[in-house]
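Source file run_38.cif; content: mmCIF, C-alpha atoms and all ligand atoms.
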data_protein
loop_
_atom_site.group_PDB
_atom_site.id
_atom_site.type_symbol
_atom_site.label_atom_id
_atom_site.label_comp_id
_atom_site.auth_asym_id
_atom_site.auth_seq_id
_atom_site.Cartn_x
_atom_site.Cartn_y
_atom_site.Cartn_z
ATOM 1 C CA MET A 1 -3.284 -30.901 3.495
ATOM 2 C CA GLN A 2 -5.247 -28.164 1.716
ATOM 3 C CA ALA A 3 -5.877 -24.881 3.505
ATOM 4 C CA THR A 4 -9.502 -24.130 4.440
ATOM 5 C CA VAL A 5 -10.698 -21.431 2.046
ATOM 6 C CA PRO A 6 -11.968 -18.307 3.860
ATOM 7 C CA ALA A 7 -15.589 -17.334 3.244
ATOM 8 C CA GLY A 8 -16.273 -14.910 0.415
ATOM 9 C CA LEU A 9 -13.457 -15.850 -1.983
ATOM 10 C CA ASP A 10 -14.587 -16.544 -5.551
ATOM 11 C CA ARG A 11 -13.622 -19.701 -7.450
ATOM 12 C CA LYS A 12 -10.401 -18.308 -8.974
ATOM 13 C CA GLU A 13 -9.311 -16.785 -5.682
ATOM 14 C CA ALA A 14 -10.024 -20.057 -3.873
ATOM 15 C CA GLU A 15 -7.878 -21.936 -6.406
ATOM 16 C CA VAL A 16 -4.855 -19.710 -5.739
ATOM 17 C CA TYR A 17 -5.509 -19.568 -1.993
ATOM 18 C CA GLN A 18 -5.318 -23.347 -1.776
ATOM 19 C CA ARG A 19 -1.736 -23.179 -3.009
ATOM 20 C CA LEU A 20 -0.764 -20.755 -0.207
ATOM 21 C CA ASP A 21 0.605 -21.517 3.226
ATOM 22 C CA PRO A 22 -1.822 -19.619 5.491
ATOM 23 C CA LYS A 23 0.827 -19.534 8.249
ATOM 24 C CA ARG A 24 3.208 -17.501 6.088
ATOM 25 C CA LEU A 25 0.961 -14.727 4.836
ATOM 26 C CA PRO A 26 2.581 -11.272 4.752
ATOM 27 C CA LYS A 27 1.674 -9.155 7.780
ATOM 28 C CA HIS A 28 1.708 -5.964 5.760
ATOM 29 C CA ILE A 29 1.290 -5.551 1.989
ATOM 30 C CA ALA A 30 1.931 -2.213 0.278
ATOM 31 C CA ILE A 31 0.666 -1.558 -3.255
ATOM 32 C CA ILE A 32 1.758 1.009 -5.823
ATOM 33 C CA MET A 33 -1.398 1.314 -7.934
ATOM 34 C CA ASP A 34 -0.263 2.268 -11.424
ATOM 35 C CA GLY A 35 -1.533 2.140 -14.986
ATOM 36 C CA ASN A 36 -4.874 3.941 -14.781
ATOM 37 C CA GLY A 37 -3.900 6.363 -17.544
ATOM 38 C CA ARG A 38 -2.665 3.609 -19.867
ATOM 39 C CA TRP A 39 -5.798 1.561 -19.265
ATOM 40 C CA ALA A 40 -7.900 4.562 -20.302
ATOM 41 C CA ARG A 41 -5.736 5.447 -23.307
ATOM 42 C CA ARG A 42 -5.997 1.919 -24.700
ATOM 43 C CA ARG A 43 -9.759 2.397 -24.687
ATOM 44 C CA HIS A 44 -9.588 5.924 -26.138
ATOM 45 C CA LEU A 45 -11.019 7.262 -22.889
ATOM 46 C CA PRO A 46 -9.880 10.264 -20.812
ATOM 47 C CA ARG A 47 -7.391 9.504 -18.022
ATOM 48 C CA ILE A 48 -10.016 10.086 -15.360
ATOM 49 C CA ALA A 49 -11.958 7.074 -16.674
ATOM 50 C CA GLY A 50 -8.961 4.971 -15.618
ATOM 51 C CA HIS A 51 -9.036 6.425 -12.116
ATOM 52 C CA ARG A 52 -12.787 5.799 -11.887
ATOM 53 C CA ALA A 53 -12.291 2.174 -12.974
ATOM 54 C CA GLY A 54 -9.466 1.873 -10.421
ATOM 55 C CA VAL A 55 -11.942 2.215 -7.570
ATOM 56 C CA SER A 56 -13.384 -1.269 -8.324
ATOM 57 C CA SER A 57 -9.851 -2.641 -8.079
ATOM 58 C CA VAL A 58 -9.378 -0.956 -4.702
ATOM 59 C CA ARG A 59 -12.645 -2.482 -3.489
ATOM 60 C CA SER A 60 -11.803 -6.003 -4.675
ATOM 61 C CA THR A 61 -8.233 -5.900 -3.329
ATOM 62 C CA VAL A 62 -9.250 -4.562 0.079
ATOM 63 C CA GLU A 63 -12.010 -7.154 0.484
ATOM 64 C CA THR A 64 -9.816 -10.086 -0.506
ATOM 65 C CA ALA A 65 -6.920 -8.963 1.716
ATOM 66 C CA SER A 66 -9.288 -8.621 4.647
ATOM 67 C CA ARG A 67 -11.040 -11.957 3.979
ATOM 68 C CA ILE A 68 -7.773 -13.899 4.065
ATOM 69 C CA GLY A 69 -6.658 -12.150 7.267
ATOM 70 C CA ILE A 70 -3.887 -9.794 6.110
ATOM 71 C CA PRO A 71 -3.299 -7.508 9.140
ATOM 72 C CA ALA A 72 -2.283 -4.392 7.158
ATOM 73 C CA LEU A 73 -2.716 -3.128 3.603
ATOM 74 C CA THR A 74 -1.309 0.210 2.400
ATOM 75 C CA LEU A 75 -2.334 1.717 -0.941
ATOM 76 C CA TYR A 76 -0.330 4.452 -2.691
ATOM 77 C CA ALA A 77 -3.292 6.447 -3.939
ATOM 78 C CA PHE A 78 -1.766 9.832 -4.531
ATOM 79 C CA SER A 79 1.870 10.945 -4.329
ATOM 80 C CA GLU A 80 3.036 14.428 -3.435
ATOM 81 C CA GLU A 81 4.401 14.636 -6.988
ATOM 82 C CA ASN A 82 0.975 13.659 -8.430
ATOM 83 C CA TRP A 83 -0.610 16.371 -6.335
ATOM 84 C CA LYS A 84 1.857 19.067 -7.402
ATOM 85 C CA LYS A 85 2.513 18.141 -11.027
ATOM 86 C CA ARG A 86 -0.719 16.799 -12.537
ATOM 87 C CA PRO A 87 -3.239 19.073 -14.284
ATOM 88 C CA ALA A 88 -5.625 20.785 -11.855
ATOM 89 C CA GLY A 89 -8.646 19.072 -13.449
ATOM 90 C CA GLU A 90 -7.211 15.593 -12.855
ATOM 91 C CA VAL A 91 -6.223 16.443 -9.265
ATOM 92 C CA SER A 92 -9.648 17.788 -8.490
ATOM 93 C CA PHE A 93 -11.269 14.701 -10.054
ATOM 94 C CA LEU A 94 -9.096 12.467 -7.843
ATOM 95 C CA MET A 95 -10.062 14.460 -4.731
ATOM 96 C CA GLY A 96 -13.757 14.069 -5.593
ATOM 97 C CA LEU A 97 -13.270 10.371 -6.292
ATOM 98 C CA LEU A 98 -11.597 9.907 -2.910
ATOM 99 C CA CYS A 99 -14.458 11.665 -1.108
ATOM 100 C CA ARG A 100 -17.071 9.578 -2.940
ATOM 101 C CA TYR A 101 -15.093 6.407 -2.191
ATOM 102 C CA LEU A 102 -14.911 7.217 1.525
ATOM 103 C CA LYS A 103 -18.620 8.029 1.745
ATOM 104 C CA ALA A 104 -19.670 4.882 -0.131
ATOM 105 C CA GLU A 105 -17.167 2.513 1.445
ATOM 106 C CA VAL A 106 -17.364 3.199 5.182
ATOM 107 C CA PRO A 107 -20.321 0.806 5.709
ATOM 108 C CA THR A 108 -18.412 -2.006 3.939
ATOM 109 C CA LEU A 109 -15.239 -1.226 5.888
ATOM 110 C CA ASN A 110 -17.246 -1.471 9.085
ATOM 111 C CA LYS A 111 -18.938 -4.695 7.962
ATOM 112 C CA ASN A 112 -15.480 -6.175 7.356
ATOM 113 C CA ASN A 113 -14.043 -4.760 10.618
ATOM 114 C CA ILE A 114 -11.460 -2.695 8.691
ATOM 115 C CA ARG A 115 -9.855 0.389 10.265
ATOM 116 C CA LEU A 116 -8.904 3.260 8.006
ATOM 117 C CA GLU A 117 -5.698 5.294 8.399
ATOM 118 C CA TYR A 118 -3.759 7.756 6.235
ATOM 119 C CA ILE A 119 -0.161 8.660 5.583
ATOM 120 C CA GLY A 120 1.057 11.785 3.797
ATOM 121 C CA ARG A 121 0.784 15.522 4.403
ATOM 122 C CA GLN A 122 -2.951 15.749 4.987
ATOM 123 C CA ARG A 123 -2.811 19.404 6.009
ATOM 124 C CA GLU A 124 -1.943 20.378 2.409
ATOM 125 C CA LEU A 125 -5.125 18.809 1.020
ATOM 126 C CA PRO A 126 -8.330 20.867 0.566
ATOM 127 C CA SER A 127 -10.098 21.284 3.904
ATOM 128 C CA SER A 128 -13.314 19.648 2.637
ATOM 129 C CA VAL A 129 -11.262 16.543 1.735
ATOM 130 C CA GLN A 130 -9.519 16.581 5.119
ATOM 131 C CA GLU A 131 -12.914 16.711 6.825
ATOM 132 C CA LYS A 132 -14.199 13.721 4.871
ATOM 133 C CA MET A 133 -10.997 11.807 5.655
ATOM 134 C CA GLN A 134 -11.324 12.577 9.351
ATOM 135 C CA TRP A 135 -14.968 11.494 9.305
ATOM 136 C CA ALA A 136 -14.131 8.144 7.655
ATOM 137 C CA ARG A 137 -11.238 7.512 10.027
ATOM 138 C CA ASP A 138 -13.402 8.230 13.067
ATOM 139 C CA ALA A 139 -16.234 6.087 11.685
ATOM 140 C CA THR A 140 -13.933 3.041 11.452
ATOM 141 C CA ALA A 141 -11.715 3.735 14.473
ATOM 142 C CA GLN A 142 -13.340 1.037 16.619
ATOM 143 C CA ASN A 143 -12.606 -1.757 14.122
ATOM 144 C CA THR A 144 -10.057 -4.368 15.135
ATOM 145 C CA GLY A 145 -9.410 -6.230 11.865
ATOM 146 C CA MET A 146 -7.222 -5.173 8.941
ATOM 147 C CA VAL A 147 -5.704 -1.687 8.951
ATOM 148 C CA LEU A 148 -6.203 -0.072 5.547
ATOM 149 C CA THR A 149 -3.820 2.862 5.117
ATOM 150 C CA LEU A 150 -4.236 5.240 2.190
ATOM 151 C CA ALA A 151 -1.136 7.170 1.143
ATOM 152 C CA LEU A 152 -2.399 10.585 0.042
ATOM 153 C CA ASN A 153 -0.141 13.497 -0.869
ATOM 154 C CA TYR A 154 2.605 11.108 0.235
ATOM 155 C CA SER A 155 6.360 11.280 -0.402
ATOM 156 C CA ALA A 156 8.871 9.052 1.402
ATOM 157 C CA ARG A 157 11.528 11.764 1.422
ATOM 158 C CA THR A 158 9.102 14.273 2.887
ATOM 159 C CA GLU A 159 8.126 11.671 5.480
ATOM 160 C CA LEU A 160 11.790 11.331 6.507
ATOM 161 C CA VAL A 161 12.212 15.112 6.691
ATOM 162 C CA ASP A 162 9.079 15.294 8.869
ATOM 163 C CA ALA A 163 10.393 12.449 11.059
ATOM 164 C CA PHE A 164 13.751 14.181 11.638
ATOM 165 C CA ARG A 165 11.969 17.442 12.485
ATOM 166 C CA SER A 166 9.642 15.591 14.832
ATOM 167 C CA MET A 167 12.594 13.956 16.633
ATOM 168 C CA VAL A 168 14.311 17.309 17.124
ATOM 169 C CA ASP A 169 11.055 18.927 18.336
ATOM 170 C CA ALA A 170 10.449 16.065 20.781
ATOM 171 C CA ALA A 171 13.978 16.397 22.175
ATOM 172 C CA ALA A 172 13.588 20.178 22.486
ATOM 173 C CA ARG A 173 10.382 19.650 24.501
ATOM 174 C CA ASN A 174 12.007 17.016 26.714
ATOM 175 C CA GLY A 175 15.101 18.645 28.120
ATOM 176 C CA GLY A 176 16.826 20.007 25.008
ATOM 177 C CA LEU A 177 18.939 18.744 22.151
ATOM 178 C CA ASP A 178 21.452 17.111 24.511
ATOM 179 C CA HIS A 179 18.715 14.498 24.920
ATOM 180 C CA LEU A 180 18.390 13.843 21.199
ATOM 181 C CA GLU A 181 18.984 10.163 20.612
ATOM 182 C CA ILE A 182 18.763 8.896 17.067
ATOM 183 C CA ASP A 183 18.695 5.226 16.214
ATOM 184 C CA GLU A 184 16.595 3.075 13.858
ATOM 185 C CA ASP A 185 13.795 2.549 16.373
ATOM 186 C CA ALA A 186 13.580 6.282 17.039
ATOM 187 C CA VAL A 187 13.295 7.034 13.314
ATOM 188 C CA SER A 188 10.587 4.356 12.887
ATOM 189 C CA ARG A 189 8.625 5.800 15.813
ATOM 190 C CA HIS A 190 8.525 9.221 14.158
ATOM 191 C CA LEU A 191 7.459 8.062 10.687
ATOM 192 C CA TYR A 192 3.875 8.427 9.466
ATOM 193 C CA THR A 193 3.717 4.599 9.554
ATOM 194 C CA ARG A 194 4.388 4.251 13.269
ATOM 195 C CA HIS A 195 1.067 2.346 13.523
ATOM 196 C CA LEU A 196 2.313 -0.344 11.166
ATOM 197 C CA PRO A 197 4.927 -3.083 10.885
ATOM 198 C CA ASP A 198 7.238 -2.690 7.877
ATOM 199 C CA PRO A 199 5.714 -4.218 4.714
ATOM 200 C CA ASP A 200 6.836 -7.769 3.876
ATOM 201 C CA LEU A 201 5.633 -7.420 0.304
ATOM 202 C CA VAL A 202 5.321 -4.479 -2.077
ATOM 203 C CA VAL A 203 3.242 -4.933 -5.229
ATOM 204 C CA ARG A 204 3.489 -2.622 -8.230
ATOM 205 C CA THR A 205 1.068 -2.855 -11.121
ATOM 206 C CA SER A 206 1.604 -2.014 -14.803
ATOM 207 C CA GLY A 207 5.141 -3.328 -15.092
ATOM 208 C CA GLU A 208 7.188 -0.382 -13.870
ATOM 209 C CA MET A 209 10.283 -1.356 -11.863
ATOM 210 C CA ARG A 210 10.474 1.626 -9.516
ATOM 211 C CA LEU A 211 9.558 2.510 -5.937
ATOM 212 C CA SER A 212 8.578 6.077 -6.879
ATOM 213 C CA ASN A 213 9.370 7.618 -3.509
ATOM 214 C CA PHE A 214 7.099 5.153 -1.655
ATOM 215 C CA LEU A 215 7.955 3.947 1.888
ATOM 216 C CA LEU A 216 11.704 4.049 1.168
ATOM 217 C CA TRP A 217 12.702 3.394 4.796
ATOM 218 C CA GLN A 218 10.008 0.790 5.481
ATOM 219 C CA LEU A 219 10.602 -1.273 2.312
ATOM 220 C CA ALA A 220 14.254 -1.992 3.181
ATOM 221 C CA TYR A 221 13.656 -5.768 3.380
ATOM 222 C CA ALA A 222 10.371 -6.117 1.496
ATOM 223 C CA GLU A 223 9.929 -8.544 -1.362
ATOM 224 C CA ILE A 224 9.038 -6.728 -4.587
ATOM 225 C CA TYR A 225 6.378 -8.152 -6.895
ATOM 226 C CA VAL A 226 5.798 -6.359 -10.198
ATOM 227 C CA THR A 227 2.873 -7.432 -12.348
ATOM 228 C CA PRO A 228 2.132 -6.229 -15.885
ATOM 229 C CA THR A 229 -1.582 -6.024 -15.003
ATOM 230 C CA LEU A 230 -2.811 -2.418 -15.147
ATOM 231 C CA TRP A 231 -4.421 -1.232 -11.915
ATOM 232 C CA PRO A 232 -8.018 -1.033 -13.264
ATOM 233 C CA GLU A 233 -7.756 -4.737 -14.161
ATOM 234 C CA PHE A 234 -6.199 -5.787 -10.849
ATOM 235 C CA ARG A 235 -8.450 -7.872 -8.600
ATOM 236 C CA GLY A 236 -8.201 -9.930 -5.411
ATOM 237 C CA VAL A 237 -6.986 -12.938 -7.378
ATOM 238 C CA HIS A 238 -3.949 -10.947 -8.578
ATOM 239 C CA LEU A 239 -3.129 -10.061 -4.980
ATOM 240 C CA LEU A 240 -3.225 -13.755 -4.113
ATOM 241 C CA GLU A 241 -0.887 -14.483 -7.046
ATOM 242 C CA GLY A 242 1.510 -11.887 -5.629
ATOM 243 C CA ILE A 243 1.365 -13.594 -2.236
ATOM 244 C CA GLU A 244 2.022 -16.947 -3.891
ATOM 245 C CA GLU A 245 5.134 -15.476 -5.516
ATOM 246 C CA TYR A 246 6.176 -13.964 -2.165
ATOM 247 C CA GLN A 247 5.940 -17.364 -0.507
ATOM 248 C CA LYS A 248 8.388 -18.792 -3.056
ATOM 249 C CA ARG A 249 11.033 -16.257 -2.150
ATOM 250 C CA GLU A 250 13.765 -16.746 0.413
ATOM 251 C CA ARG A 251 13.991 -13.816 2.801
ATOM 252 C CA ARG A 252 17.497 -13.449 4.227
ATOM 253 C CA TYR A 253 17.655 -9.925 5.695
ATOM 254 C CA GLY A 254 21.369 -9.866 4.934
ATOM 255 C CA GLY A 255 22.002 -13.295 6.558
ATOM 256 C CA LEU A 256 22.899 -16.533 4.786
ATOM 257 C CA ALA A 257 20.507 -18.891 3.050
ATOM 258 C CA GLY A 258 18.566 -21.032 5.528
ATOM 259 C CA ASP A 259 20.804 -20.217 8.529
ATOM 260 C CA GLY A 260 17.866 -18.771 10.487
ATOM 261 C CA SER A 261 20.264 -16.325 12.137
ATOM 262 C CA SER A 262 18.865 -13.036 10.894
ATOM 263 C CA GLN A 263 17.425 -10.716 13.514
ATOM 264 C CA HIS A 264 14.118 -10.898 11.663
ATOM 265 C CA GLY A 265 14.335 -14.697 11.710
ATOM 266 C CA ARG A 266 12.179 -15.413 8.666
ATOM 267 C CA ALA A 267 14.641 -17.167 6.348
ATOM 268 C CA GLU A 268 12.568 -19.536 4.251
ATOM 269 C CA ALA A 269 14.140 -22.276 2.186
ATOM 270 C CA SER A 270 12.718 -21.999 -1.296
ATOM 271 C CA GLN A 271 13.751 -20.763 -4.687
ATOM 272 C CA THR A 272 14.294 -17.040 -5.194
ATOM 273 C CA ARG A 273 12.636 -15.719 -8.324
ATOM 274 C CA VAL A 274 11.965 -12.137 -9.308
ATOM 275 C CA SER A 275 9.006 -11.434 -11.565
ATOM 276 C CA ALA A 276 10.156 -9.713 -14.709
ATOM 277 C CA PRO A 277 7.170 -8.526 -16.661
ATOM 278 C CA HIS A 278 7.516 -6.430 -19.780
ATOM 279 C CA ALA A 279 8.432 -2.843 -19.025
ATOM 280 C CA SER A 280 6.046 -0.342 -20.497
ATOM 281 C CA LYS A 281 5.769 3.397 -20.780
ATOM 282 C CA THR A 282 7.018 5.569 -17.981
ATOM 283 C CA GLY A 283 3.966 6.354 -15.920
ATOM 284 C CA ARG A 284 4.126 7.419 -12.338
ATOM 285 C CA SER A 285 6.754 9.838 -11.130
HETATM 286 C C1 LIG B 301 -1.538 5.907 -11.126
HETATM 287 O O1 LIG B 301 -1.945 5.737 -12.454
HETATM 288 C C2 LIG B 301 -2.706 6.119 -10.270
HETATM 289 C C3 LIG B 301 -2.981 7.263 -9.607
HETATM 290 C C4 LIG B 301 -2.131 8.463 -9.648
HETATM 291 C C5 LIG B 301 -4.215 7.436 -8.804
HETATM 292 C C6 LIG B 301 -4.676 6.220 -8.090
HETATM 293 C C7 LIG B 301 -6.128 6.325 -7.822
HETATM 294 C C8 LIG B 301 -6.982 5.296 -7.832
HETATM 295 C C9 LIG B 301 -6.563 3.917 -8.008
HETATM 296 C C10 LIG B 301 -8.448 5.472 -7.681
HETATM 297 C C11 LIG B 301 -8.903 6.092 -6.423
HETATM 298 C C12 LIG B 301 -8.311 5.558 -5.187
HETATM 299 C C13 LIG B 301 -8.955 5.556 -4.022
HETATM 300 C C14 LIG B 301 -8.264 5.088 -2.801
HETATM 301 C C15 LIG B 301 -10.344 5.975 -3.930
HETATM 302 P P1 LIG B 301 -1.442 6.740 -13.558
HETATM 303 O O2 LIG B 301 -2.475 7.791 -13.741
HETATM 304 O O3 LIG B 301 -0.085 7.259 -13.201
HETATM 305 O O4 LIG B 301 -1.382 5.784 -14.794
HETATM 306 P P2 LIG B 301 -0.360 5.824 -16.033
HETATM 307 O O5 LIG B 301 1.007 5.605 -15.473
HETATM 308 O O6 LIG B 301 -0.815 4.695 -16.894
HETATM 309 O O7 LIG B 301 -0.521 7.173 -16.690
#
Transcribe the structure of this file into structure tokens.
Ligand code: FPP
Amino acid sequence: MQATVPAGLDRKEAEVYQRLDPKRLPKHIAIIMDGNGRWARRRHLPRIAGHRAGVSSVRSTVETASRIGIPALTLYAFSEENWKKRPAGEVSFLMGLLCRYLKAEVPTLNKNNIRLEYIGRQRELPSSVQEKMQWARDATAQNTGMVLTLALNYSARTELVDAFRSMVDAAARNGGLDHLEIDEDAVSRHLYTRHLPDPDLVVRTSGEMRLSNFLLWQLAYAEIYVTPTLWPEFRGVHLLEGIEEYQKRERRYGGLAGDGSSQHGRAEASQTRVSAPHASKTGRS
């Protein structure tokens, strides 16, 4: 039986969607958006033209994910390394682009019932950017549909350092370090992503086979889908292709094939296949 196609999908998206099992959609998809610079260079344009074009990809991906009922989508927009190591002009362009995106997009996020969140060290961003981020978060806080989380000035190692500090501080406030209890749940509760389940699927564009310091704790059991498509060319249909690939994988969480005994209990009997697109130039840190 073919799945009913959600409203708003275009013809190509509908074609891929009909091959999906709507009961096995990922609950959380994380995306490493990469390839803006290469996209621009191939067109003899400045790098910032790639970032500008990448906004249309963000829009298309967010809308499609929300239309098909993905509960959580996290986009790696800006790493701590990007923030510290890229030329000041590019960083300031990206900050302006983010502010313009937030201002323009809040009405659409509200129309689609999408709630906006952030991960990363916000306090290190310019105060005008922090204000705009706070405004957009507040303006979407009442929404109950998909949670869209933007990773900004984000580093997974920094997140872990912050989580360990936060655990020690919490123990110190609640009776002292004798009360410090560290286990996996405690670490998860102190991460920036405490509002989210761990991602089931991580997508990386532009062919690079790295995690680049993104959600290192949370991606422990995620399926990895790497596509050669450069981010400015990525659209909702490519997300659906990634989900199709995800649904072909067998998730074992360290258990045995098809034994259904893993604590996560999502072993799925199908062929395991890892996408192996052509590697290209080293891009993101
Ligand atoms: C990586 O491409 C991309 C970035 C560092 C920035 C991502 C920003 C956007 C997609 C647009 C704005 C986003 C929002 C949420 C408004 P790269 O520059 O490393 O590309 P390269 O590896 O080809 O050089």
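Rounded to one decimal, atom C6 of ligand LIG 301 (chain B) and atom CA of A:Gly35 lie 8.6 Å from each other.
Between atom C13 of ligand LIG 301 (chain B) and atom CA of A:Leu150 there is a distance of 7.8 Å.
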Checklist entry - What separation in Å, quoted to one decimal, exists between atom CA of A:Ala40 and atom CA of A:Arg67? => result 29.5 Å
Next on the checklist: Calculated over only C-alpha atoms and all ligand atoms, which of the candidates A:Asp34, A:Asp10, A:Glu241, A:Glu81 has the smallest distance to ligand LIG 301 (chain B)?
Outcome noted: A:Asp34
Next on the checklist: Under the rule that all atoms listed in the file are counted, which of A:Glu13, A:Glu80, A:Glu223, A:Asp198 is the nearest residue to ligand LIG 301 (chain B)?
Outcome noted: A:Glu80
Contact residues around A:Leu102 with all atoms listed in the file at 12 Å, ignoring same-chain residues under 2 positions, as a short mmCIF file (atom, residue, chain, number, x, y, z; two decimals) with C-alpha atoms, in the frame of the given file:
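The result, written out as out.cif:
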data_model
loop_
_atom_site.label_atom_id
_atom_site.label_comp_id
_atom_site.auth_asym_id
_atom_site.auth_seq_id
_atom_site.Cartn_x
_atom_site.Cartn_y
_atom_site.Cartn_z
CA VAL A 55 -11.94 2.22 -7.57
CA VAL A 58 -9.38 -0.96 -4.70
CA ARG A 59 -12.64 -2.48 -3.49
CA MET A 95 -10.06 14.46 -4.73
CA GLY A 96 -13.76 14.07 -5.59
CA LEU A 97 -13.27 10.37 -6.29
CA LEU A 98 -11.60 9.91 -2.91
CA CYS A 99 -14.46 11.66 -1.11
CA ARG A 100 -17.07 9.58 -2.94
CA ALA A 104 -19.67 4.88 -0.13
CA GLU A 105 -17.17 2.51 1.44
CA VAL A 106 -17.36 3.20 5.18
CA PRO A 107 -20.32 0.81 5.71
CA THR A 108 -18.41 -2.01 3.94
CA LEU A 109 -15.24 -1.23 5.89
CA ASN A 110 -17.25 -1.47 9.09
CA LEU A 116 -8.90 3.26 8.01
CA GLU A 117 -5.70 5.29 8.40
CA VAL A 129 -11.26 16.54 1.74
CA GLN A 130 -9.52 16.58 5.12
CA GLU A 131 -12.91 16.71 6.82
CA LYS A 132 -14.20 13.72 4.87
CA MET A 133 -11.00 11.81 5.66
CA GLN A 134 -11.32 12.58 9.35
CA TRP A 135 -14.97 11.49 9.30
CA ALA A 136 -14.13 8.14 7.66
CA ARG A 137 -11.24 7.51 10.03
CA ASP A 138 -13.40 8.23 13.07
CA ALA A 139 -16.23 6.09 11.68
CA THR A 140 -13.93 3.04 11.45
CA LEU A 150 -4.24 5.24 2.19
#
Next on the checklist: Around ligand LIG 301 (chain B), which protein and nucleic acid residues have at least one atom no more than 8 Å from it, if we count only C-alpha atoms and all ligand atoms? List them as a PyMOL selection string.
Outcome noted: chain A and resi 32-40+47+50-55+57-58+75-79+82+94+97-102+150+206+230-232+281-285
Could the residues in this selection be saved with C-alpha atoms as an mmCIF file, in the frame of the given file?
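Output file selection.cif follows:
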data_model
loop_
_atom_site.group_PDB
_atom_site.id
_atom_site.type_symbol
_atom_site.label_atom_id
_atom_site.label_comp_id
_atom_site.auth_asym_id
_atom_site.auth_seq_id
_atom_site.Cartn_x
_atom_site.Cartn_y
_atom_site.Cartn_z
ATOM 1 C CA ILE A 32 1.758 1.009 -5.823
ATOM 2 C CA MET A 33 -1.398 1.314 -7.934
ATOM 3 C CA ASP A 34 -0.263 2.268 -11.424
ATOM 4 C CA GLY A 35 -1.533 2.140 -14.986
ATOM 5 C CA ASN A 36 -4.874 3.941 -14.781
ATOM 6 C CA GLY A 37 -3.900 6.363 -17.544
ATOM 7 C CA ARG A 38 -2.665 3.609 -19.867
ATOM 8 C CA TRP A 39 -5.798 1.561 -19.265
ATOM 9 C CA ALA A 40 -7.900 4.562 -20.302
ATOM 10 C CA ARG A 47 -7.391 9.504 -18.022
ATOM 11 C CA GLY A 50 -8.961 4.971 -15.618
ATOM 12 C CA HIS A 51 -9.036 6.425 -12.116
ATOM 13 C CA ARG A 52 -12.787 5.799 -11.887
ATOM 14 C CA ALA A 53 -12.291 2.174 -12.974
ATOM 15 C CA GLY A 54 -9.466 1.873 -10.421
ATOM 16 C CA VAL A 55 -11.942 2.215 -7.570
ATOM 17 C CA SER A 57 -9.851 -2.641 -8.079
ATOM 18 C CA VAL A 58 -9.378 -0.956 -4.702
ATOM 19 C CA LEU A 75 -2.334 1.717 -0.941
ATOM 20 C CA TYR A 76 -0.330 4.452 -2.691
ATOM 21 C CA ALA A 77 -3.292 6.447 -3.939
ATOM 22 C CA PHE A 78 -1.766 9.832 -4.531
ATOM 23 C CA SER A 79 1.870 10.945 -4.329
ATOM 24 C CA ASN A 82 0.975 13.659 -8.430
ATOM 25 C CA LEU A 94 -9.096 12.467 -7.843
ATOM 26 C CA LEU A 97 -13.270 10.371 -6.292
ATOM 27 C CA LEU A 98 -11.597 9.907 -2.910
ATOM 28 C CA CYS A 99 -14.458 11.665 -1.108
ATOM 29 C CA ARG A 100 -17.071 9.578 -2.940
ATOM 30 C CA TYR A 101 -15.093 6.407 -2.191
ATOM 31 C CA LEU A 102 -14.911 7.217 1.525
ATOM 32 C CA LEU A 150 -4.236 5.240 2.190
ATOM 33 C CA SER A 206 1.604 -2.014 -14.803
ATOM 34 C CA LEU A 230 -2.811 -2.418 -15.147
ATOM 35 C CA TRP A 231 -4.421 -1.232 -11.915
ATOM 36 C CA PRO A 232 -8.018 -1.033 -13.264
ATOM 37 C CA LYS A 281 5.769 3.397 -20.780
ATOM 38 C CA THR A 282 7.018 5.569 -17.981
ATOM 39 C CA GLY A 283 3.966 6.354 -15.920
ATOM 40 C CA ARG A 284 4.126 7.419 -12.338
ATOM 41 C CA SER A 285 6.754 9.838 -11.130
#
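Across A:Arg157, A:Arg249, A:Arg194, A:Arg173, the tightest approach to A:Leu215 is made by A:Arg157 when counting all atoms listed in the file.
Distances from A:Asp21, A:Glu250, A:Glu208, A:Glu63 to A:Gly8 were compared using all atoms listed in the file, and the smallest one belongs to A:Glu63.
Each of A:Arg19, A:Tyr221, A:Ala186, A:His44 was checked against A:Pro199 using only C-alpha atoms; the smallest atom-to-atom distance is that of A:Tyr221.
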Item to check | Expected selection from the PyMOL selection byres (((chain A and resi 120-124) around 7) and not hetatm), given as a PyMOL selection string | outcome: chain A and resi 118-119+125-126+130+151-155
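Using all atoms listed in the file for every distance, the candidate list A:Met209, A:Ala222, A:Leu239, A:Leu180 yields A:Ala222 as the residue closest to A:Arg251.
Here the residues that fall within 6 Å of (1.7, -7.0, -13.3), using all atoms listed in the file, are given as Thr205, Ser206, Gly207, Val226, Thr227, Pro228 and Thr229 of chain A.
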Item to check | Residues selected by the PyMOL selection byres (((chain A and resi 28) around 9) and not hetatm), written as a ChimeraX atom specification | outcome: /A:25-27,29-30,70-74,196-202
